[in-house]
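Asker: Can you keep this structure in mind? I'll have questions shortly.
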Amino acid sequence: MQVKGLRWWVIALIALATIINYIDRQALSVLWPDIVEDLFPDESALERKQIYANISIVFVFAYAFGQAIFGKVFDWIGTRLGFVLSIGVWSLATVAHAFAQGILSFSIFRAILGVAEAGNWPGATKGNAEWFPTKERALAQGIFNSGAAIGGIVAIPLIAFLTVYFSWQMVFVVVGLVGLLWLIPWLVLVKAPPGSHPWITEEERQYILTGQRPEQTDDSEPEEEYNPSTGELLSRKQSWGVIIASAAIDPIWWLFVFWIPIYLNEVYAMDVKSIGIYGWVPYVGAMFGAWFGGLLAQNRLKAGWNTDKTRKLTITLGCLIMLPSLLAMANPGEPVTAVLIMAVILFGFQTAIGNVQTLPSDLLGKKSVGTLAGFAGMAAKLGAVGLTSLVPYLTADGNYTPAFVIGASLAIIAMLAVWILIPKVEPLKSPEQLGKMKKA
């Protein structure tokens, strides 16, 4: 049996995993008003916000740790088994939330969820590098990233709807079981990498593998991919460009993932059902941004632009869209206006982030992509920890302006990191290759 366009089926499954990933992680923030009334009825509003922030920080720390681990795991055991391990564990951890009784148990289950969910991103980056030629990677990354946006769109109204019929405990069970069902099509469809997959057409196999080879400027033999050791990888400023850009831009996303429902509850006095009506709107902007960033990059590459110019244009454009929108959140007015501005912010974020996440596969060989993606993901989550830990103090009086101003500053830092530390986005060369070039 042969399947035409198998690579698109693979990235579609990864995008679906990402949708499930976001439904699972968003469940806590949407259900929080009900959870605190059940488990923390005597705490003040500030104490409740601090409890939520602390549990979220545990999640992000675990997520950061998990990204560093899973970058290596995916490089060791491959994309197929890596996803089985990641989504299997995070689905069981989601179900376990139903049995939480307080801060400690919630923190433990969120930690397990964070470690396991972290595998989705280095796994998707590695899967993208394996299944797509260079010119299609930004689009594939955009499709995958749109899963996060669609997950946000679906999660908030879905979970709010489920609370009409189920307790908050049962909602965690239902959404956790969905992830286990995802394993069935994944194991059936993704039997092997494209080079040895029995269902891929020969035409698609050659298209993928030929498009992954470094561009040749002369008649010399193609150079081997650069797969440095971890120490050597961290000695390159380009690696730090990816890591710092990720650490700066990612907290902007988490600011909204963690705090949209809490913000709407605190600033506009919305309950869970009202949050379900408004809270999904920002993720529509994120979905369109993911598609736009991928299509823009693909269009420019097909038009003859090189990878360096394409990545920097798209990342810069996304950051410049976010900058004034974040500042506009200082006084958004009505709730409809607030969620629409958030949609613009997340549009800009997703325009940029797909191309930031593609940088490891632009710079390194396939055996090292997961490692750099893992380090970048870990740095991104540590940055998110920093901002998340500040939010209760920055917003103690109900004013979220300081948090949004910090977000605007981070957009500038992300843009500068790419321009300054990655002089040219192109495959890096080993010291031996550079030595040969100097002699020539």
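Convention: chains lettered A, B, ... in structure tokens order; per-chain residue numbering from 1; ligands numbered from 1 as shown.
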With a cut-off of 6 Å, could you pull out the residues of stretch 324-404 of chain A touching stretch 411-433 of chain A and give me the nearest pair of atoms for each, distance in Å to one decimal, using only C-alpha atoms, ordered by chain and ascending number, as CSV?
Answerer:
residue,atom,partner,partner_atom,distance
A:Asp362,CA,A:Pro427,CA,5.8
A:Leu363,CA,A:Pro427,CA,4.2
A:Leu364,CA,A:Pro427,CA,5.8
Asker: Write out as a list in words which residues come within 9 Å of A:Trp121 when counting only C-alpha atoms, dropping same-chain ones fewer than 6 positions away.
Answerer: Thr18, Gln67, Phe70, Gly71, Gln357, Ala373, Gly374 and Gly377 of chain A
Asker: If we count only C-alpha atoms and set the cut-off at 12 Å, which residues sit around A:Tyr400, ignoring sequence neighbours fewer than 2 positions away in its own chain? Please answer as a ChimeraX atom specification.
Answerer: /A:255-256,259-260,262-264,266-267,326-332,338,390-398,402-407
Asker: Nearest to A:Phe161 among A:Gly304, A:Gly276, A:Gly82, A:Pro193, with distances taken over only C-alpha atoms: which residue is it?
Answerer: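 Selected residue with least distance to A:Phe161: A:Gly276.
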Asker: Pick the closest to A:Ser167 from A:Asp34, A:Ile353, A:Tyr22, A:Ile345: which is it, counting only C-alpha atoms?
Answerer: A:Asp34
Asker: Quick one: of A:Phe109, A:Phe172, A:Trp76, A:Trp254, who's nearest to A:Gly383, counting only C-alpha atoms?
Answerer: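 When distances to A:Gly383 are compared using only C-alpha atoms, the smallest one comes from A:Trp254.
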Asker: Residues at most 9 Å from A:Thr310, counting only C-alpha atoms, excluding those fewer than 6 positions away in the same chain, as a PyMOL selection string?
Answerer: chain A and resi 296-298+300-301+355
Asker: Just the selected residues (C-alpha atoms), exported as a PDB file, in the first residue's frame, please.
Answerer:
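Contents of again-v2.pdb, as written:
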ATOM      1  CA  LEU A 296       4.936  33.789   3.863  1.00  0.00           C
ATOM      2  CA  ALA A 297       8.235  31.962   4.390  1.00  0.00           C
ATOM      3  CA  GLN A 298       7.387  29.343   1.769  1.00  0.00           C
ATOM      4  CA  ARG A 300       9.574  33.983  -0.276  1.00  0.00           C
ATOM      5  CA  LEU A 301      11.733  30.850  -0.614  1.00  0.00           C
ATOM      6  CA  ASN A 355      10.382  30.453  11.922  1.00  0.00           C
TER       7      ASN A 355
END
Asker: Name all residues at most 8 Å from stretch 14-16 of chain A (count only C-alpha atoms; drop same-chain ones fewer than 4 positions away) and give them as a list of chain:residue names.
Answerer: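 Listing them by chain and then by number gives A:Val10, A:Ile20, A:Ala124, A:Ile143, A:Phe144, A:Asn145, A:Ser146, A:Gly147, A:Ala148.
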Asker: As a PyMOL selection string, please: the residues near A:Val356 (cut-off 9 Å, only C-alpha atoms, same-chain neighbours under 5 positions excluded).
Answerer: chain A and resi 242+245-246+311+315+418
Asker: How far is it from atom CA of A:Gly348 to atom CA of A:Trp9, in Å with one decimal?
Answerer: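 Straight-line distance from atom CA of A:Gly348 to atom CA of A:Trp9 works out to 26.6 Å.
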Asker: Name the closest residue to A:Ile55 among the candidates A:Ser105, A:Thr210, A:Thr401, A:Asn265; distances are taken between atoms, counting only C-alpha atoms.
Answerer: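 Checking each of A:Ser105, A:Thr210, A:Thr401, A:Asn265 against A:Ile55, counting only C-alpha atoms, the winner is A:Ser105.
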Asker: Smallest atom-to-atom distance to A:Ile112: which of A:Ser91, A:Asn399, A:Thr307, A:Thr134, using only C-alpha atoms?
Answerer: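 For A:Ile112, the nearest of the given residues is A:Ser91.
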Asker: Could you jot down the atom CA of A:Gln50 to atom CA of A:Ile23 separation for me, Å, one decimal place?
Answerer: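 Between these atoms lies a distance of 22.8 Å.
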